[in-house]
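Printed here is model.cif (mmCIF, C-alpha atoms and all ligand atoms):
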data_data
#
loop_
_atom_site.label_atom_id
_atom_site.label_comp_id
_atom_site.auth_asym_id
_atom_site.auth_seq_id
_atom_site.Cartn_x
_atom_site.Cartn_y
_atom_site.Cartn_z
CA MET A 1 -5.53 27.53 8.10
CA LYS A 2 -6.67 23.92 8.43
CA LYS A 3 -4.15 21.48 9.83
CA ALA A 4 -3.21 17.95 8.80
CA VAL A 5 -1.02 15.43 10.60
CA HIS A 6 0.42 12.76 8.33
CA PHE A 7 2.26 9.71 9.71
CA GLY A 8 5.05 8.53 7.38
CA ALA A 9 6.99 11.11 5.37
CA GLY A 10 8.13 8.46 2.89
CA ASN A 11 7.32 8.07 -0.80
CA ILE A 12 3.53 8.13 -0.57
CA GLY A 13 3.54 10.53 2.38
CA ARG A 14 5.46 13.31 0.63
CA GLY A 15 4.79 12.30 -2.98
CA PHE A 16 1.04 11.82 -2.76
CA ILE A 17 -1.01 12.39 0.41
CA GLY A 18 1.00 15.23 1.99
CA PHE A 19 1.25 16.79 -1.46
CA LEU A 20 -2.54 16.78 -2.02
CA LEU A 21 -3.28 18.01 1.51
CA SER A 22 -0.84 20.87 1.08
CA ARG A 23 -2.30 21.79 -2.32
CA SER A 24 -5.73 21.81 -0.68
CA GLY A 25 -4.57 24.52 1.72
CA PHE A 26 -3.74 22.41 4.78
CA GLU A 27 -0.69 23.05 6.92
CA VAL A 28 0.90 19.60 6.86
CA THR A 29 2.92 18.20 9.77
CA PHE A 30 4.64 14.92 8.98
CA VAL A 31 5.49 12.42 11.71
CA ASP A 32 8.36 10.04 10.94
CA VAL A 33 10.98 7.88 12.66
CA ASP A 34 13.67 9.16 10.32
CA ARG A 35 15.26 12.02 12.28
CA GLU A 36 17.38 13.22 9.36
CA LEU A 37 14.29 13.54 7.17
CA VAL A 38 12.36 15.33 9.94
CA ASP A 39 15.27 17.76 10.44
CA TYR A 40 15.40 18.41 6.68
CA LEU A 41 11.69 19.17 6.47
CA ASN A 42 11.81 21.48 9.49
CA LYS A 43 14.89 23.30 8.24
CA HIS A 44 13.61 23.90 4.70
CA GLY A 45 9.83 23.68 5.15
CA ARG A 46 9.52 22.63 1.53
CA TYR A 47 10.28 19.99 -1.06
CA SER A 48 9.33 19.33 -4.68
CA VAL A 49 7.18 16.68 -6.26
CA VAL A 50 8.53 15.71 -9.67
CA GLU A 51 5.84 14.14 -11.83
CA LYS A 52 7.40 12.20 -14.69
CA TYR A 53 6.25 9.96 -17.54
CA GLY A 54 9.05 9.01 -19.94
CA GLU A 55 10.88 12.24 -20.69
CA LYS A 56 8.00 14.55 -19.76
CA GLU A 57 8.50 16.16 -16.37
CA THR A 58 6.60 18.67 -14.20
CA VAL A 59 8.08 20.00 -10.96
CA ILE A 60 5.60 21.13 -8.30
CA PRO A 61 6.75 22.80 -5.07
CA VAL A 62 5.18 21.81 -1.74
CA GLU A 63 5.64 24.54 0.84
CA GLY A 64 5.01 25.30 4.49
CA VAL A 65 5.46 21.75 5.75
CA LYS A 66 6.63 20.80 9.25
CA ALA A 67 7.70 17.54 10.84
CA VAL A 68 7.92 15.81 14.20
CA VAL A 69 10.02 12.79 15.04
CA PHE A 70 8.00 9.77 16.23
CA GLU A 71 9.78 9.73 19.61
CA GLU A 72 8.31 13.11 20.54
CA GLU A 73 5.06 11.71 21.84
CA GLY A 74 3.92 14.85 23.67
CA GLU A 75 4.29 16.98 20.55
CA ILE A 76 2.45 14.45 18.40
CA ILE A 77 -0.45 14.25 20.86
CA LYS A 78 -0.69 18.05 20.80
CA LYS A 79 -0.66 18.11 16.99
CA ILE A 80 -3.38 15.44 16.85
CA SER A 81 -5.54 17.39 19.24
CA GLU A 82 -5.25 20.45 16.94
CA ALA A 83 -5.67 18.61 13.63
CA ASP A 84 -8.53 18.81 11.14
CA ILE A 85 -7.47 15.55 9.53
CA ILE A 86 -5.05 12.73 10.36
CA THR A 87 -3.63 10.49 7.62
CA THR A 88 -1.05 7.72 7.46
CA SER A 89 1.18 5.94 4.95
CA VAL A 90 3.61 4.02 7.12
CA GLY A 91 3.10 0.48 5.77
CA PRO A 92 0.44 -2.00 6.99
CA LYS A 93 2.70 -3.51 9.66
CA VAL A 94 3.38 -0.13 11.30
CA LEU A 95 -0.30 0.78 11.88
CA GLU A 96 -0.18 -1.18 15.11
CA VAL A 97 2.87 0.84 16.22
CA ILE A 98 1.29 4.26 15.67
CA ALA A 99 -2.17 3.36 17.04
CA GLY A 100 -1.19 4.14 20.64
CA VAL A 101 -0.10 7.73 20.13
CA ILE A 102 -3.04 8.53 17.85
CA LYS A 103 -5.35 7.17 20.52
CA LYS A 104 -3.75 9.44 23.13
CA GLY A 105 -4.28 12.43 20.85
CA LEU A 106 -7.93 11.50 20.36
CA LEU A 107 -8.48 11.13 24.12
CA LYS A 108 -6.98 14.59 24.60
CA ARG A 109 -9.48 16.00 22.08
CA GLU A 110 -12.35 14.48 24.02
CA LYS A 111 -10.99 15.80 27.32
CA GLU A 112 -10.75 19.30 25.87
CA ASN A 113 -14.20 19.05 24.34
CA LEU A 114 -12.92 19.45 20.79
CA GLU A 115 -14.63 18.51 17.53
CA PRO A 116 -14.44 14.96 16.14
CA VAL A 117 -11.73 14.32 13.59
CA ASN A 118 -11.16 11.76 10.83
CA VAL A 119 -8.27 9.34 10.56
CA ILE A 120 -7.56 7.93 7.08
CA ALA A 121 -5.00 5.15 6.71
CA CYS A 122 -3.60 5.30 3.18
CA GLU A 123 -1.95 1.91 2.89
CA ASN A 124 -2.07 -1.01 0.46
CA LEU A 125 -4.36 -2.93 2.75
CA ILE A 126 -8.07 -3.65 2.51
CA ARG A 127 -9.92 -1.56 5.14
CA ALA A 128 -6.69 -0.09 6.58
CA SER A 129 -8.43 2.68 8.58
CA THR A 130 -10.71 0.07 10.17
CA HIS A 131 -7.64 -2.00 11.10
CA LEU A 132 -6.05 1.07 12.68
CA LYS A 133 -9.19 1.71 14.71
CA GLU A 134 -9.28 -1.94 15.79
CA TYR A 135 -5.70 -1.71 17.09
CA MET A 136 -6.80 1.25 19.21
CA LEU A 137 -9.95 -0.45 20.50
CA ARG A 138 -8.05 -3.66 21.26
CA ASP A 139 -5.85 -1.82 23.75
CA SER A 140 -8.65 0.22 25.36
CA ASP A 141 -11.13 -0.18 28.18
CA LYS A 142 -14.87 0.21 27.63
CA GLN A 143 -14.91 3.95 28.35
CA GLU A 144 -11.98 4.64 26.00
CA ARG A 145 -13.60 2.55 23.29
CA GLU A 146 -16.73 4.68 23.49
CA ILE A 147 -14.68 7.89 23.34
CA ILE A 148 -12.68 6.73 20.31
CA SER A 149 -15.83 5.81 18.41
CA LYS A 150 -17.41 9.16 19.27
CA ILE A 151 -14.46 11.48 18.68
CA ALA A 152 -13.10 10.01 15.43
CA GLY A 153 -14.21 8.71 12.05
CA PHE A 154 -12.07 6.09 10.31
CA PRO A 155 -13.10 6.20 6.65
CA ASP A 156 -11.45 3.50 4.60
CA ALA A 157 -9.50 4.47 1.51
CA ALA A 158 -7.75 3.19 -1.59
CA VAL A 159 -4.57 4.95 -2.68
CA ASP A 160 -3.04 4.62 -6.09
CA ARG A 161 0.07 6.40 -7.28
CA ILE A 162 3.34 4.67 -8.13
CA VAL A 163 6.14 6.27 -6.16
CA PRO A 164 9.35 4.31 -6.77
CA PRO A 165 12.41 4.11 -4.52
CA GLN A 166 14.06 7.54 -4.37
CA GLU A 167 17.62 8.74 -4.46
CA ARG A 168 18.69 9.88 -0.99
CA ASP A 169 17.75 13.49 -1.65
CA TYR A 170 15.03 14.84 0.63
CA SER A 171 14.44 17.91 -1.53
CA LYS A 172 12.38 16.07 -4.14
CA VAL A 173 10.14 13.06 -4.68
CA LEU A 174 9.81 11.45 -8.11
CA VAL A 175 6.27 10.21 -8.85
CA GLU A 176 4.17 9.17 -11.82
CA PRO A 177 1.67 11.85 -12.93
CA TYR A 178 -1.34 9.59 -12.30
CA PHE A 179 -3.08 9.31 -8.92
CA GLU A 180 -6.33 8.11 -7.44
CA TRP A 181 -7.36 8.61 -3.79
CA THR A 182 -10.76 7.07 -3.10
CA VAL A 183 -12.39 7.49 0.31
CA GLU A 184 -15.55 5.90 1.68
CA LYS A 185 -17.90 8.75 2.53
CA PRO A 186 -20.20 7.04 5.10
CA GLY A 187 -17.21 6.48 7.40
CA PHE A 188 -16.42 10.20 7.55
CA LYS A 189 -17.53 12.02 10.70
CA GLY A 190 -18.89 15.53 10.32
CA LYS A 191 -18.87 17.86 7.36
CA ILE A 192 -16.89 16.52 4.39
CA LEU A 193 -13.55 18.34 4.06
CA GLU A 194 -12.54 19.80 0.74
CA ILE A 195 -9.44 17.92 -0.26
CA LYS A 196 -8.36 18.17 -3.89
CA GLY A 197 -7.96 14.81 -5.53
CA ILE A 198 -10.21 12.74 -3.25
CA THR A 199 -13.00 10.79 -4.93
CA TRP A 200 -15.73 10.15 -2.35
CA VAL A 201 -17.64 6.90 -2.76
CA GLU A 202 -20.51 5.25 -0.88
CA ASP A 203 -18.89 1.80 -0.95
CA LEU A 204 -15.13 1.37 -1.23
CA GLU A 205 -15.08 -2.39 -1.71
CA PRO A 206 -15.15 -2.48 -5.55
CA TYR A 207 -12.46 0.22 -5.76
CA ILE A 208 -10.06 -1.26 -3.24
CA GLU A 209 -10.50 -4.77 -4.64
CA ARG A 210 -9.87 -3.49 -8.18
CA LYS A 211 -6.72 -1.71 -6.99
CA ILE A 212 -5.30 -4.55 -4.89
CA PHE A 213 -6.40 -7.55 -6.96
CA ILE A 214 -5.70 -6.16 -10.44
CA LEU A 215 -3.01 -3.48 -10.16
CA ASN A 216 -1.09 -4.73 -7.16
CA ALA A 217 -1.52 -8.37 -8.21
CA GLY A 218 -0.17 -7.67 -11.70
CA HIS A 219 2.65 -5.61 -10.25
CA ALA A 220 3.60 -8.38 -7.81
CA VAL A 221 3.51 -11.09 -10.49
CA CYS A 222 5.79 -8.92 -12.63
CA ALA A 223 8.16 -8.25 -9.73
CA TYR A 224 8.54 -11.89 -8.70
CA LEU A 225 8.96 -13.23 -12.27
CA GLY A 226 11.28 -10.33 -13.14
CA TYR A 227 13.38 -11.04 -10.06
CA LEU A 228 13.74 -14.72 -10.98
CA LYS A 229 14.89 -13.79 -14.49
CA GLY A 230 17.41 -11.26 -13.18
CA TYR A 231 15.68 -8.08 -14.41
CA ARG A 232 16.18 -4.94 -12.34
CA THR A 233 12.99 -2.97 -12.93
CA ILE A 234 9.31 -3.51 -13.63
CA GLU A 235 9.58 -1.77 -16.99
CA GLU A 236 12.52 -3.98 -18.00
CA SER A 237 10.65 -7.13 -16.90
CA LEU A 238 7.64 -6.21 -19.03
CA GLN A 239 9.82 -6.15 -22.14
CA ASP A 240 10.04 -9.94 -21.70
CA PRO A 241 7.06 -11.33 -23.70
CA ASP A 242 6.56 -14.29 -21.31
CA ILE A 243 6.36 -11.99 -18.29
CA LEU A 244 4.07 -9.54 -20.08
CA ASN A 245 1.75 -12.45 -20.98
CA THR A 246 1.63 -13.80 -17.46
CA VAL A 247 1.11 -10.36 -15.89
CA THR A 248 -1.70 -9.52 -18.32
CA GLY A 249 -3.22 -12.95 -17.77
CA ALA A 250 -3.08 -12.61 -13.98
CA MET A 251 -4.83 -9.23 -14.13
CA ARG A 252 -7.48 -10.68 -16.45
CA GLU A 253 -8.08 -13.58 -14.05
CA ALA A 254 -8.63 -11.14 -11.18
CA ALA A 255 -10.88 -9.08 -13.47
CA PHE A 256 -12.95 -12.19 -14.18
CA TYR A 257 -13.63 -12.58 -10.45
CA LEU A 258 -14.31 -8.85 -9.98
CA SER A 259 -16.71 -8.72 -12.91
CA LYS A 260 -18.72 -11.55 -11.33
CA LYS A 261 -18.77 -9.91 -7.91
CA PHE A 262 -19.39 -6.25 -8.79
CA ALA A 263 -20.72 -6.20 -12.36
CA PHE A 264 -17.78 -3.95 -13.20
CA GLU A 265 -17.42 -2.38 -16.60
CA GLY A 266 -14.22 -1.23 -18.28
CA LEU A 267 -11.83 -3.63 -16.55
CA GLU A 268 -9.97 -4.41 -19.78
CA GLU A 269 -9.38 -0.68 -20.21
CA TYR A 270 -8.21 -0.48 -16.57
CA ILE A 271 -5.70 -3.29 -17.24
CA LYS A 272 -4.39 -1.58 -20.36
CA LYS A 273 -3.95 1.73 -18.55
CA THR A 274 -2.25 0.00 -15.63
CA LEU A 275 0.23 -1.73 -17.95
CA ASP A 276 1.04 1.63 -19.56
CA ARG A 277 1.74 3.04 -16.10
CA PHE A 278 4.00 0.07 -15.24
CA LYS A 279 5.93 0.72 -18.47
CA ASN A 280 6.83 4.28 -17.44
CA LYS A 281 10.59 4.39 -18.08
CA ALA A 282 11.10 7.36 -15.76
CA LEU A 283 10.22 5.38 -12.63
CA LYS A 284 13.01 2.79 -12.70
CA ASP A 285 10.88 0.93 -10.17
CA ARG A 286 12.97 -1.91 -8.71
CA VAL A 287 11.47 -5.41 -8.69
CA GLU A 288 12.70 -5.80 -5.10
CA ARG A 289 10.56 -2.84 -3.96
CA VAL A 290 7.41 -4.05 -5.65
CA GLY A 291 8.00 -7.58 -4.33
CA ARG A 292 8.94 -6.40 -0.82
CA GLU A 293 7.61 -8.34 2.17
CA PRO A 294 6.52 -11.54 0.39
CA LEU A 295 4.98 -13.09 3.54
CA ARG A 296 2.53 -10.16 3.69
CA LYS A 297 1.87 -10.31 -0.03
CA LEU A 298 1.30 -14.09 0.06
CA SER A 299 -1.26 -13.98 2.85
CA ILE A 300 -4.85 -15.08 2.28
CA ASN A 301 -6.56 -11.71 1.84
CA GLU A 302 -3.79 -10.17 -0.20
CA ARG A 303 -3.25 -9.44 -3.89
CA LEU A 304 -2.20 -12.92 -5.09
CA VAL A 305 -3.85 -15.69 -3.11
CA ARG A 306 -7.25 -14.07 -2.60
CA PRO A 307 -8.06 -13.48 -6.31
CA ALA A 308 -6.55 -16.87 -7.21
CA LYS A 309 -8.77 -18.56 -4.64
CA GLU A 310 -11.83 -16.61 -5.78
CA VAL A 311 -11.20 -17.62 -9.41
CA ALA A 312 -10.69 -21.27 -8.42
CA ASP A 313 -13.86 -21.17 -6.31
CA LEU A 314 -15.70 -19.97 -9.42
CA GLY A 315 -14.58 -23.17 -11.14
CA ALA A 316 -11.94 -21.57 -13.40
CA LYS A 317 -8.16 -22.07 -13.44
CA PRO A 318 -6.07 -19.09 -12.26
CA VAL A 319 -2.99 -20.30 -14.13
CA ASN A 320 -1.23 -16.93 -14.26
CA LEU A 321 -1.92 -15.94 -10.65
CA ALA A 322 -0.69 -19.41 -9.63
CA LYS A 323 2.54 -18.79 -11.55
CA GLY A 324 2.92 -15.46 -9.74
CA ILE A 325 2.38 -17.16 -6.39
CA ALA A 326 4.94 -19.82 -7.28
CA ALA A 327 7.45 -17.10 -8.22
CA ALA A 328 6.74 -15.28 -4.94
CA LEU A 329 7.59 -18.49 -3.06
CA LEU A 330 11.01 -18.34 -4.76
CA PHE A 331 11.66 -14.66 -3.95
CA ASP A 332 14.86 -14.81 -1.90
CA TYR A 333 16.18 -11.24 -2.09
CA PRO A 334 18.76 -11.24 0.75
CA GLU A 335 17.99 -7.68 1.93
CA ASP A 336 14.31 -8.44 2.50
CA LYS A 337 13.73 -9.89 5.98
CA GLU A 338 10.46 -11.54 4.98
CA ALA A 339 12.10 -13.14 1.94
CA LEU A 340 14.75 -14.64 4.21
CA ARG A 341 12.13 -15.81 6.68
CA LEU A 342 10.16 -17.42 3.84
CA LYS A 343 13.26 -19.22 2.60
CA GLU A 344 13.96 -20.47 6.13
CA MET A 345 10.38 -21.62 6.60
CA LEU A 346 10.45 -23.53 3.33
CA LYS A 347 13.71 -25.18 4.36
CA ASN A 348 12.79 -25.98 7.94
CA GLN A 349 9.01 -26.43 7.99
CA GLY A 350 8.43 -27.37 4.37
CA MET A 351 6.05 -26.37 1.58
CA GLU A 352 2.90 -27.83 3.14
CA TYR A 353 3.39 -25.71 6.25
CA VAL A 354 3.93 -22.55 4.15
CA LEU A 355 0.87 -23.26 2.01
CA ASN A 356 -1.22 -23.75 5.16
CA TYR A 357 0.08 -21.09 7.50
CA VAL A 358 1.35 -18.34 5.19
CA LEU A 359 -1.03 -18.64 2.24
CA GLY A 360 -3.94 -19.90 4.35
CA LEU A 361 -4.76 -22.69 1.89
CA SER A 362 -6.29 -25.97 3.02
CA ARG A 363 -7.32 -29.32 1.54
CA GLU A 364 -10.37 -27.62 0.04
CA ASP A 365 -7.99 -25.69 -2.22
CA ALA A 366 -6.42 -28.84 -3.69
CA ASP A 367 -6.80 -27.70 -7.34
CA LEU A 368 -5.20 -24.33 -6.66
CA ILE A 369 -2.39 -25.94 -4.66
CA ARG A 370 -1.73 -28.36 -7.53
CA LEU A 371 -1.52 -25.43 -9.96
CA ILE A 372 0.87 -23.52 -7.70
CA MET A 373 3.10 -26.57 -7.22
CA GLU A 374 3.28 -27.35 -10.97
CA ASN A 375 4.46 -23.80 -11.59
CA TYR A 376 6.80 -23.86 -8.61
CA ASN A 377 8.54 -27.00 -9.86
CA ASN A 378 8.80 -25.58 -13.39
CA LEU A 379 10.28 -22.31 -12.16
CA LEU A 380 12.66 -24.16 -9.86
CA GLY A 381 13.78 -26.31 -12.81
CA GLU A 382 14.30 -23.22 -15.02
CA ARG A 383 16.26 -21.55 -12.26
CA LYS A 384 18.63 -24.48 -11.83
CA SER A 385 19.24 -24.96 -15.55
N1 LIG A 401 5.10 3.64 -2.97
C1 LIG A 401 3.97 3.47 -3.60
O1 LIG A 401 3.93 3.60 -4.83
C2 LIG A 401 2.71 3.15 -2.87
C3 LIG A 401 2.68 2.77 -1.56
N2 LIG A 401 1.47 2.54 -0.97
C4 LIG A 401 1.39 2.21 0.43
O2 LIG A 401 1.77 3.34 1.20
C5 LIG A 401 2.40 2.92 2.39
C6 LIG A 401 3.78 3.56 2.48
O3 LIG A 401 4.54 3.14 1.37
P1 LIG A 401 5.80 3.97 0.89
O4 LIG A 401 5.54 5.41 1.02
O5 LIG A 401 6.17 3.41 -0.43
O6 LIG A 401 6.87 3.50 1.95
P2 LIG A 401 8.11 4.34 2.53
O7 LIG A 401 8.98 3.34 3.18
O8 LIG A 401 8.68 5.21 1.48
O9 LIG A 401 7.44 5.26 3.63
C7 LIG A 401 7.05 4.84 4.91
C8 LIG A 401 7.52 5.90 5.88
O10 LIG A 401 6.99 5.57 7.17
C9 LIG A 401 7.99 5.90 8.11
N3 LIG A 401 7.72 5.23 9.38
C10 LIG A 401 8.07 3.99 9.78
N4 LIG A 401 7.66 3.77 11.05
C11 LIG A 401 7.02 4.90 11.44
C12 LIG A 401 6.40 5.31 12.64
N5 LIG A 401 6.33 4.50 13.71
N6 LIG A 401 5.87 6.54 12.70
C13 LIG A 401 5.94 7.39 11.65
N7 LIG A 401 6.54 7.06 10.48
C14 LIG A 401 7.07 5.84 10.39
C15 LIG A 401 9.30 5.48 7.43
O11 LIG A 401 10.42 6.07 8.03
C16 LIG A 401 9.04 5.98 6.03
O12 LIG A 401 9.48 7.31 5.85
C17 LIG A 401 2.42 1.40 2.34
O13 LIG A 401 1.28 0.90 2.99
C18 LIG A 401 2.32 1.10 0.86
O14 LIG A 401 1.76 -0.15 0.61
C19 LIG A 401 0.29 2.70 -1.61
C20 LIG A 401 0.26 3.08 -2.90
C21 LIG A 401 1.47 3.36 -3.61
O1 LIG A 402 3.47 -1.09 -1.16
P1 LIG A 402 3.36 -2.59 -1.19
O2 LIG A 402 2.07 -3.12 -0.68
O3 LIG A 402 4.56 -3.28 -0.64
O4 LIG A 402 3.38 -3.01 -2.69
C1 LIG A 402 3.99 -2.35 -3.69
C2 LIG A 402 2.81 -1.92 -4.47
O5 LIG A 402 2.37 -0.64 -4.08
C3 LIG A 402 2.53 0.25 -5.10
O6 LIG A 402 3.72 0.88 -4.79
C4 LIG A 402 1.55 1.26 -5.34
O7 LIG A 402 0.27 0.80 -5.42
C5 LIG A 402 2.59 -0.56 -6.31
O8 LIG A 402 3.56 0.03 -7.06
C6 LIG A 402 2.93 -1.95 -5.87
O9 LIG A 402 2.02 -2.83 -6.43
#
Represent the structure contained in this file as structure tokens.
Ligand SMILES: NC(=O)C1=CN([C@@H]2O[C@H](COP(=O)(O)OP(=O)(O)OC[C@H]3O[C@@H](n4cnc5c(N)ncnc54)[C@H](O)[C@@H]3O)[C@@H](O)[C@H]2O)C=CC1
Ligand SMILES: O=P(O)(O)OC[C@H]1O[C@](O)(CO)[C@@H](O)[C@@H]1O
Amino acid sequence: MKKAVHFGAGNIGRGFIGFLLSRSGFEVTFVDVDRELVDYLNKHGRYSVVEKYGEKETVIPVEGVKAVVFEEEGEIIKKISEADIITTSVGPKVLEVIAGVIKKGLLKREKENLEPVNVIACENLIRASTHLKEYMLRDSDKQEREIISKIAGFPDAAVDRIVPPQERDYSKVLVEPYFEWTVEKPGFKGKILEIKGITWVEDLEPYIERKIFILNAGHAVCAYLGYLKGYRTIEESLQDPDILNTVTGAMREAAFYLSKKFAFEGLEEYIKKTLDRFKNKALKDRVERVGREPLRKLSINERLVRPAKEVADLGAKPVNLAKGIAAALLFDYPEDKEALRLKEMLKNQGMEYVLNYVLGLSREDADLIRLIMENYNNLLGERKS
């Protein structure tokens, strides 16, 4: 039986990637910092994936899974040395944390003369696998760098399945029925593995940009505007005609840029389908989850600022993306550390600093900055009144 090691037994880990690997006949070992979750998976060796749209529900069992807690470095290294594939869904900021132990596992493979393996980072981040590799290379000497490049492939991927916050019940994961896992074939070392659900592509860029700049951008705009208006979920926020208009407009603005760059077809259809997925009543997807970590989401290459800047650079006005950015600047959910940090930065260092150092905008982006500030002041006014 082929073996997979998956870092992060959270929503995407169990509800999407681990699920597909298991259904493709892999023995899946999850690695996670959550000891209770690891103990549950080891005790039961199974969980269910509940696919739901509205009232329609399908329950699919996932069996034969194992887990290792992140502290058990020796065990993880051993598992990596025996694996046929290594995947992650830990969140972009955690890639740096797991790079070290994956590297040790890869060095062990080389030492024992084992076959090369592929490491696929399944995160909402452009070229996440490449980032993970770079973290490993950064902390390596010349010889180790050569070994890592020889013993492992790091194909980049785009992952798309909405998995909302779950009730604290490890036995099941609620997901939407839809999924898309796109992997860049040229980055894969060795013979392509048969994994159900993967779409192999020659060039990932159009797919990942479509995912991050249309879907995730629209989702984020909805989350931040919904939060400001006091809505709890994405679906509830989209019942507000103003929010629906802005979200649709933001996705269309990003589509305008993408159609110029990639000669894409069918983007309007993609937007429509995405909105239908957002409106899935079964997900009860909280605006605070979708808006989580606003400093990350407001950075220059991320879902909001990058398409807005691209549209502005094309000479058009990204009015809806700018409104989403303005709303993100007002996201002050007290349980989100980045939201608190953002609030503090705005108070102590001021807006100009945030626009420069968080959003990465400069004087050259004067038109975009003006648009963001107009919306920011309007939203601030609405909030106070
Ligand atoms: N939830 C969703 O609908 C989607 C999420 N994503 C991406 O997938 C990634 C994971 O997101 P979610 O599954 O929603 O988050 P999550 O918070 O449910 O899962 C992350 C898991 O990683 C674990 N973790 C943290 N540090 C770790 C470490 N050092 N070693 C091993 N495990 C560790 C956490 O305990 C948690 O179980 C993110 O990059 C996200 O952007 C992508 C598409 C959809
Ligand atoms: O996982 P992130 O990057 O914090 O962002 C949440 C986004 O990820 C997703 O969970 C899945 O793509 C979307 O629902 C949402 O746009």
query: So which residues touch Leu380 in chain A within 10 Å, counting all atoms listed in the file, skipping near sequence neighbours fewer than 6 positions away, as a list in words?
result: Leu228, Ala326, Ala327, Leu330 and Glu374 of chain A
message: Around ligand LIG 401 (chain A), which protein and nucleic acid residues have at least one atom no more than 7 Å from it, if we count only C-alpha atoms and all ligand atoms? List them as a list in words.
response: Phe7, Gly8, Ala9, Gly10, Asn11, Ile12, Gly13, Val31, Asp32, Val33, Asp34, Phe70, Ser89, Val90, Gly91, Pro92, Val94, Val97, Ile98, Cys122, Glu123, Asn124, Leu125, Val159, Asp160, Arg161, Ile162, Val163 and Pro164 of chain A
query: Nearest to Glu202 in chain A: which of A:Glu268, A:Glu344, A:Asp156, A:Asp141 is it, counting all atoms listed in the file?
result: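 Of A:Glu268, A:Glu344, A:Asp156, A:Asp141, the one nearest Glu202 in chain A is A:Asp156, counting all atoms listed in the file.
You will find CA of Leu193 in chain A at 29.2 Å from CA of Lys43 in chain A.
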- prompt: Near Glu96 in chain A, within 10 Å and counting all atoms listed in the file, which residues show up once chain neighbours fewer than 2 positions away are dropped, as a count of residues only?
  reply: 12
field: Neighbour list for range 287-299 of chain A as a ChimeraX atom specification, cut-off 7 Å, all atoms listed in the file, skip fewer than 4 positions in-chain
entry: /A:219-220,223-224,226-227,232-234,303-305,328,336,338-339,342,358-360
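Restricting the calculation to all atoms listed in the file, the smallest distance between ligand LIG 402 (chain A) and any of A:Phe331, A:Phe278, A:Tyr357, A:Phe154 is found for A:Phe278.
From CA of Leu379 in chain A back to CA of Ala366 in chain A, the distance works out to 19.8 Å.
Taking atom C5 of ligand LIG 402 (chain A) and CA of Val62 in chain A as endpoints, the distance between them is 23.0 Å.
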Spatial sel., origin (15.9, -16.9, -16.1), limit 7 Å, all atoms listed in the file, listed as a PDB file with C-alpha atoms, in the coordinates of the input:
ATOM      1  CA  LEU A 228      13.740 -14.720 -10.980  1.00  0.00           C
ATOM      2  CA  LYS A 229      14.890 -13.790 -14.490  1.00  0.00           C
ATOM      3  CA  GLY A 230      17.410 -11.260 -13.180  1.00  0.00           C
ATOM      4  CA  GLU A 382      14.300 -23.220 -15.020  1.00  0.00           C
ATOM      5  CA  ARG A 383      16.260 -21.550 -12.260  1.00  0.00           C
TER       6      ARG A 383
END
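Counting only C-alpha atoms, the residue from A:Ile102, A:Leu238, A:Ile208, A:Met351 that sits nearest to Phe262 in chain A is A:Ile208.
With distances restricted to all atoms listed in the file, A:Glu194 is the closest residue to Arg23 in chain A from A:Glu73, A:Glu184, A:Asp242, A:Glu194.
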message: Which residues are close to Glu236 in chain A, i.e. within 9 Å by all atoms listed in the file, leaving aside same-chain residues fewer than 6 positions away? Reply as an MDAnalysis selection string.
response: chainID A and resid 226 279 281 284
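Distances here use all atoms listed in the file; by that measure, the residue among A:Lys2, A:Arg286, A:Arg46, A:Lys191 closest to ligand LIG 402 (chain A) is A:Arg286.
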- prompt: Got a sec to check which residues sit within 9 Å of (1.7, -19.0, -6.8), counting all atoms listed in the file, and write them as a list in words?
  reply: Val221, Leu298, Leu304, Val305, Ala308, Val319, Asn320, Leu321, Ala322, Lys323, Gly324, Ile325, Ala326, Ala327, Ala328, Leu329, Leu368, Ile369, Leu371, Ile372, Met373, Asn375 and Tyr376 of chain A
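With only C-alpha atoms and all ligand atoms as the atoms that count, the residue of A:Gly350, A:Pro206, A:Gly187, A:Gly218 with the shortest distance to ligand LIG 402 (chain A) is A:Gly218.
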task: Please provide the set of residues having any atom within 9 Å of Tyr257 in chain A, restricted to only C-alpha atoms, with same-chain residues fewer than 6 positions apart removed, written as a ChimeraX atom specification.
output: /A:307-308,310-311,314
Missing atoms of range 11-16 of chain A rebuilt to N, CA and C atoms, written as a PDB file, in the frame of the given file:
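So the final result, stored in result-v7.pdb, reads:
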ATOM      1  N   ASN A  11       7.655   7.828   0.608  1.00  0.00           N
ATOM      2  CA  ASN A  11       7.320   8.070  -0.800  1.00  0.00           C
ATOM      3  C   ASN A  11       5.876   8.531  -0.976  1.00  0.00           C
ATOM      4  N   ILE A  12       4.943   7.763  -0.416  1.00  0.00           N
ATOM      5  CA  ILE A  12       3.530   8.130  -0.570  1.00  0.00           C
ATOM      6  C   ILE A  12       3.202   9.343   0.300  1.00  0.00           C
ATOM      7  N   GLY A  13       3.801   9.411   1.473  1.00  0.00           N
ATOM      8  CA  GLY A  13       3.540  10.530   2.380  1.00  0.00           C
ATOM      9  C   GLY A  13       3.849  11.871   1.732  1.00  0.00           C
ATOM     10  N   ARG A  14       5.078  12.026   1.247  1.00  0.00           N
ATOM     11  CA  ARG A  14       5.460  13.310   0.630  1.00  0.00           C
ATOM     12  C   ARG A  14       4.995  13.397  -0.820  1.00  0.00           C
ATOM     13  N   GLY A  15       5.051  12.243  -1.541  1.00  0.00           N
ATOM     14  CA  GLY A  15       4.790  12.300  -2.980  1.00  0.00           C
ATOM     15  C   GLY A  15       3.319  12.269  -3.358  1.00  0.00           C
ATOM     16  N   PHE A  16       2.453  11.985  -2.385  1.00  0.00           N
ATOM     17  CA  PHE A  16       1.040  11.820  -2.760  1.00  0.00           C
ATOM     18  C   PHE A  16       0.110  12.491  -1.728  1.00  0.00           C
TER      19      PHE A  16
END
